[in-house]
Amino acid sequence: MTPETAVVQALNGISFGALLFILAAGLSLIFGMMDVVNLAHGAFYMLGAYITLTVVQRTGQFWLALLLAPLLIGALGLLMEPLLLRRLRGRHLDQVLLTIGVSLVIADLIGLTFGREIRSIPFPAGLDHAITIMGGDYPVYRLFVIAFGVALAVLLAIVHRRTRVGALIRAGVDDAPMLAALGVDIDRLFAVTFAVGAALAGLAGVIAAPVFGIYPGMDVDYLIYSLVVVVVGGLGTLSGAVAGSALIGPTDTFGRVLFPQFALALIFAIMAVVLLLRPTGLLGRIRIAR
Amino acid sequence: MTRFAAPVAALVVAALLVTFPLWSSPWESSRYATTILQSMLVVAILALSLDLLVGSAGMPSLGHAAYFGAGAYAAAIAGQRLGSDDLLLGLGAAVLVSAVLALAIGAVAVRAAGIFFLMLTLAFAQMVFAIAFQAADITGGSNGFSGVRRPTFLGLDFNDATALFHLVAVVFLLVLLLVWRIRSSTYGRALVGLRENERRMRALGYDTTRLKLSAFVLAGAIAGVGGALQAYSIRFVSPNDVGVARSVEAFVSVLIGGASTLLGPAIGAAVVVFIERVLDSYVPYADTILGLVFIVFVLAARQGIVGLVRVAYARVRA
């Protein structure tokens, strides 16, 4: 591998990691608060990408999609928590199963509406050029993905540590029943948490749309990626999502270049090794395996 | 008199099932119905094996298609590479490969419980999917493996559609019998003990990790038999047989039929195949219906169809 390709692939890997962070942060947030692994997370991500496709086709405005998709998907989450998940509170496994049903419905409806072809949208205006890195052209949009992921991580960390909402989230992750006993409206907190987690998945879908593809089956692919990221990094903490995506993004990217035959198996091998050596994941607090 | 009623009824139903192509032959759509029923039986084998984990042992595997697909590929590839049409060779290869795969994945996955077990089985099954997809020179990759050779056994040639149906039906009944024996054995009760209280089982001296792993391998091997029959039935194997959709199909079958009941998973499989194969030719949104049915069962009827029937029956008798 020449130094030029190494740098380009490193940037590709970091931008993929940044995308995975946006995706995994929402999954980890919902899990930390509610003890529910939202298996519709990939479907929400897919929905974000297809909303972007629609908005860009109709109006040509990528930035409108960036605003609209998280709002719509957040609203969907805000409805779904009280209507479906709340009925099964305390039955975590059944709540997880419920999200499987939801993801079946969402993925099927998207497939019926948009067909089974791979779709693509152009880079958004202002980010559609390339810059020269190590003598080659590199799309600016990928650098934007990195910047966006980092900015979001910083923003979430500030919210988490410095705001009242962040304090509520930390308390809820620690001990939700105690928080409810202290008079916090836990129903509202759970609904909002689920909505924010869903909106983050939708946001990841928007950011991914111009560069990581829009296709049927993306829901499953990215659900698996986000599961691997949170298992490797550790569930229920923001730093876990950062660590997991920082490891998995570049590893997966370099794996595809260096040994294309085994690339897809590589990240699962890492997951297995991490689980055997550190059952909580790298920076997690919850024991995933014995 | 009543002592014999249940076994006799079971034998009659079993005989009716195996001879379905014969007595349904006057029907206009007999061929079609036989194909659908055969497909139901194959998915039922997968669901029955999954219920050993989900229902009996309380291990919610969402990656069970990995072992089904491994069995399908093993039977197909063994037939092609070894140039043999022997049924026992094909089924043997399927059982061996799926059991070894289940042992490898299970060794990591059974260390986790509940939701985490579900996440890990799902993720590792996707790894198997990726391998099936990328090892194109062996599996045919995304094009799939077509032209699977149908087996022969003791002079029976399963290229004949009716003979193949008999084979699938008989194997289904054998699997049902096996699962019934397991459920009433000491081993089966130990699995239920795992589900109810794993710590107590450990305190009683059981090596629970080994117990879980053995159940995982056993369920994987039975799923592999189902996969082999699937490969023989449609003479085609693709990465979809290993994919998440099929794992979900099996899980949904178990849940809507009734987890931890003998016949529930088979009934659930019949419902799922009906929605996906029959209903699908009338309405475009079959998967949406399947998803909604699943949601309703999880929300309102977690005990499944068999559980609902039991409740209704108890009410009638009372």
# chains A, B, ... in the order shown; residues from 1 in each chain; ligands from 1
$ closest_atom_pairs --of "chain B" --to "chain A" --cutoff "9 Å" --atoms "only C-alpha atoms" --output "JSON lines"
{"residue": "B:Pro60", "atom": "CA", "partner": "A:Leu93", "partner_atom": "CA", "distance": 8.6}
{"residue": "B:Val108", "atom": "CA", "partner": "A:Ala272", "partner_atom": "CA", "distance": 6.6}
{"residue": "B:Ala109", "atom": "CA", "partner": "A:Ala289", "partner_atom": "CA", "distance": 8.0}
{"residue": "B:Val110", "atom": "CA", "partner": "A:Ala289", "partner_atom": "CA", "distance": 8.1}
{"residue": "B:Arg111", "atom": "CA", "partner": "A:Ala289", "partner_atom": "CA", "distance": 4.9}
{"residue": "B:Ala112", "atom": "CA", "partner": "A:Ala289", "partner_atom": "CA", "distance": 4.1}
{"residue": "B:Ala113", "atom": "CA", "partner": "A:Ala289", "partner_atom": "CA", "distance": 7.2}
{"residue": "B:Gly114", "atom": "CA", "partner": "A:Leu93", "partner_atom": "CA", "distance": 6.9}
{"residue": "B:Ile115", "atom": "CA", "partner": "A:Leu93", "partner_atom": "CA", "distance": 6.1}
{"residue": "B:Phe116", "atom": "CA", "partner": "A:Ile288", "partner_atom": "CA", "distance": 5.9}
{"residue": "B:Phe117", "atom": "CA", "partner": "A:Ala289", "partner_atom": "CA", "distance": 8.3}
{"residue": "B:Met119", "atom": "CA", "partner": "A:Leu227", "partner_atom": "CA", "distance": 7.0}
{"residue": "B:Leu120", "atom": "CA", "partner": "A:Leu227", "partner_atom": "CA", "distance": 8.4}
{"residue": "B:Leu122", "atom": "CA", "partner": "A:Ile224", "partner_atom": "CA", "distance": 7.8}
{"residue": "B:Ala123", "atom": "CA", "partner": "A:Ile224", "partner_atom": "CA", "distance": 5.9}
{"residue": "B:Phe124", "atom": "CA", "partner": "A:Phe268", "partner_atom": "CA", "distance": 6.7}
{"residue": "B:Gln126", "atom": "CA", "partner": "A:Ile224", "partner_atom": "CA", "distance": 7.5}
{"residue": "B:Met127", "atom": "CA", "partner": "A:Ala265", "partner_atom": "CA", "distance": 5.4}
{"residue": "B:Val128", "atom": "CA", "partner": "A:Ala265", "partner_atom": "CA", "distance": 7.9}
{"residue": "B:Ala130", "atom": "CA", "partner": "A:Leu264", "partner_atom": "CA", "distance": 5.8}
{"residue": "B:Ile131", "atom": "CA", "partner": "A:Ala265", "partner_atom": "CA", "distance": 6.9}
{"residue": "B:Gln134", "atom": "CA", "partner": "A:Gln261", "partner_atom": "CA", "distance": 6.1}
{"residue": "B:Ala135", "atom": "CA", "partner": "A:Gln261", "partner_atom": "CA", "distance": 7.1}
{"residue": "B:Val244", "atom": "CA", "partner": "A:Val220", "partner_atom": "CA", "distance": 7.6}
{"residue": "B:Ala245", "atom": "CA", "partner": "A:Leu104", "partner_atom": "CA", "distance": 9.0}
{"residue": "B:Val248", "atom": "CA", "partner": "A:Ile100", "partner_atom": "CA", "distance": 8.0}
{"residue": "B:Val252", "atom": "CA", "partner": "A:Gly101", "partner_atom": "CA", "distance": 8.9}
{"residue": "B:Pro284", "atom": "CA", "partner": "A:Leu112", "partner_atom": "CA", "distance": 7.6}
{"residue": "B:Tyr285", "atom": "CA", "partner": "A:Asp108", "partner_atom": "CA", "distance": 6.9}
{"residue": "B:Ala286", "atom": "CA", "partner": "A:Asp108", "partner_atom": "CA", "distance": 8.3}
{"residue": "B:Asp287", "atom": "CA", "partner": "A:Asp108", "partner_atom": "CA", "distance": 5.9}
{"residue": "B:Thr288", "atom": "CA", "partner": "A:Val105", "partner_atom": "CA", "distance": 4.4}
{"residue": "B:Ile289", "atom": "CA", "partner": "A:Val105", "partner_atom": "CA", "distance": 7.6}
{"residue": "B:Leu290", "atom": "CA", "partner": "A:Leu104", "partner_atom": "CA", "distance": 7.9}
{"residue": "B:Gly291", "atom": "CA", "partner": "A:Gly101", "partner_atom": "CA", "distance": 4.4}
{"residue": "B:Leu292", "atom": "CA", "partner": "A:Gly101", "partner_atom": "CA", "distance": 6.5}
{"residue": "B:Val293", "atom": "CA", "partner": "A:Gly101", "partner_atom": "CA", "distance": 8.2}
{"residue": "B:Phe294", "atom": "CA", "partner": "A:Gly101", "partner_atom": "CA", "distance": 5.9}
{"residue": "B:Ile295", "atom": "CA", "partner": "A:Gly101", "partner_atom": "CA", "distance": 5.4}
{"residue": "B:Val296", "atom": "CA", "partner": "A:Leu98", "partner_atom": "CA", "distance": 8.9}
{"residue": "B:Val298", "atom": "CA", "partner": "A:Leu98", "partner_atom": "CA", "distance": 6.4}
{"residue": "B:Leu299", "atom": "CA", "partner": "A:Leu88", "partner_atom": "CA", "distance": 7.2}
{"residue": "B:Arg302", "atom": "CA", "partner": "A:Asp94", "partner_atom": "CA", "distance": 8.5}
$ closest_residue --among "B:Arg31, B:Arg81, B:Arg195, B:Arg189" --to "B:Gly58" --atoms "only C-alpha atoms"
B:Arg195
$ closest_residue --among "A:Leu76, A:Ile158, A:Val184, A:Met134" --to "A:Ala43" --atoms "only C-alpha atoms"
A:Leu76
$ closest_residue --among "B:Val278, B:Ala72, B:Val43, B:Leu263" --to "B:Ser146" --atoms "only C-alpha atoms"
B:Ala72
$ closest_atom_pairs --of "stretch 44-128 of chain B" --to "stretch 216-228 of chain B" --cutoff "8 Å" --atoms "only C-alpha atoms" --output "CSV"
residue,atom,partner,partner_atom,distance
B:Ile45,CA,B:Gly226,CA,5.5
B:Leu46,CA,B:Ala223,CA,4.9
B:Ser49,CA,B:Ala219,CA,4.8
B:Leu50,CA,B:Ala219,CA,6.1
B:Leu52,CA,B:Ala219,CA,6.5
B:Leu53,CA,B:Phe216,CA,6.8
B:His64,CA,B:Gly220,CA,7.2
B:Ala65,CA,B:Ala223,CA,7.7
B:Tyr67,CA,B:Gly220,CA,5.2
B:Phe68,CA,B:Gly227,CA,4.4
B:Gly69,CA,B:Gly227,CA,5.6
B:Ala70,CA,B:Gly224,CA,6.4
B:Gly71,CA,B:Gly224,CA,3.9
B:Ala72,CA,B:Gly227,CA,4.2
B:Tyr73,CA,B:Ala228,CA,7.5
B:Ala74,CA,B:Ala228,CA,7.5
B:Ala75,CA,B:Ala228,CA,5.4
B:Ala76,CA,B:Ala228,CA,7.5
B:Gly90,CA,B:Ala228,CA,7.3
B:Leu91,CA,B:Val225,CA,6.2
B:Ala94,CA,B:Gly224,CA,5.3
B:Val95,CA,B:Ala221,CA,4.8
B:Leu96,CA,B:Ala221,CA,7.2
B:Val97,CA,B:Gly224,CA,7.9
B:Ser98,CA,B:Gly224,CA,5.3
B:Ala99,CA,B:Ala221,CA,4.7
B:Val100,CA,B:Val217,CA,7.6
B:Ala102,CA,B:Val217,CA,5.1
B:Leu103,CA,B:Val217,CA,5.6
B:Gly106,CA,B:Phe216,CA,6.3
$ write_last_selection --atoms "C-alpha atoms" --output "compact mmCIF listing (two decimals), in the first residue's frame"
# COMPACT_ATOMS: atom_id res chain seq x y z
CA ILE B 45 -38.14 -27.99 11.13
CA LEU B 46 -36.16 -24.76 11.45
CA SER B 49 -35.10 -26.52 16.36
CA LEU B 50 -35.10 -22.83 17.28
CA LEU B 52 -35.33 -25.71 21.79
CA LEU B 53 -33.35 -22.53 22.39
CA HIS B 64 -30.66 -19.33 13.58
CA ALA B 65 -30.70 -19.16 9.77
CA TYR B 67 -27.09 -23.10 10.68
CA PHE B 68 -30.01 -23.68 8.33
CA GLY B 69 -28.10 -22.05 5.47
CA ALA B 70 -24.87 -23.85 6.41
CA GLY B 71 -26.76 -27.14 6.17
CA ALA B 72 -28.22 -26.15 2.81
CA TYR B 73 -24.82 -25.21 1.39
CA ALA B 74 -23.18 -28.31 2.88
CA ALA B 75 -25.71 -30.68 1.31
CA ALA B 76 -25.50 -28.88 -2.03
CA GLY B 90 -25.87 -35.08 2.09
CA LEU B 91 -27.69 -35.02 5.42
CA ALA B 94 -25.36 -30.80 6.60
CA VAL B 95 -25.47 -31.94 10.23
CA LEU B 96 -21.69 -31.91 10.57
CA VAL B 97 -21.13 -28.45 9.08
CA SER B 98 -24.00 -26.77 10.90
CA ALA B 99 -23.06 -28.39 14.21
CA VAL B 100 -19.41 -27.31 13.92
CA ALA B 102 -22.90 -23.70 15.94
CA LEU B 103 -20.12 -24.89 18.22
CA GLY B 106 -21.98 -20.73 20.41
$ residues_around --residues "stretch 4-18 of chain B" --least-positions-apart "3" --cutoff "12 Å" --atoms "only C-alpha atoms" --output "NGL selection string"
:B and (1 or 21-24 or 34 or 37-38 or 40-41 or 162-174 or 176-177 or 263)
$ select_by_dssp --residues "stretch 104-219 of chain A" --states "strand (DSSP E)" --output "PyMOL selection string"
chain A and resi 130-133+136-139
$ closest_residue --among "B:Tyr232, B:Asp86, B:Ile138, B:Gly264" --to "B:Asp160" --atoms "only C-alpha atoms"
B:Tyr232
$ residues_around --residues "A:Glu4" --least-positions-apart "6" --cutoff "12 Å" --atoms "only C-alpha atoms" --output "short mmCIF file (atom, residue, chain, number, x, y, z; two decimals) with C-alpha atoms, in the first residue's frame"
data_model
loop_
_atom_site.label_atom_id
_atom_site.label_comp_id
_atom_site.auth_asym_id
_atom_site.auth_seq_id
_atom_site.Cartn_x
_atom_site.Cartn_y
_atom_site.Cartn_z
CA ALA A 10 -7.40 6.43 6.57
CA LEU A 11 -9.67 9.37 5.78
CA THR A 132 -6.09 17.72 -3.41
CA ILE A 133 -4.66 15.40 -0.79
CA MET A 134 -1.30 13.69 -1.38
CA GLY A 135 -1.54 14.51 -5.06
CA GLY A 136 -5.01 13.01 -5.57
CA ASP A 137 -8.56 14.32 -5.52
CA TYR A 138 -10.52 13.74 -2.33
#
$ closest_residue --among "B:Asn143, B:Ser56, B:Ser25, B:Ser238" --to "B:Ser185" --atoms "only C-alpha atoms"
B:Ser56
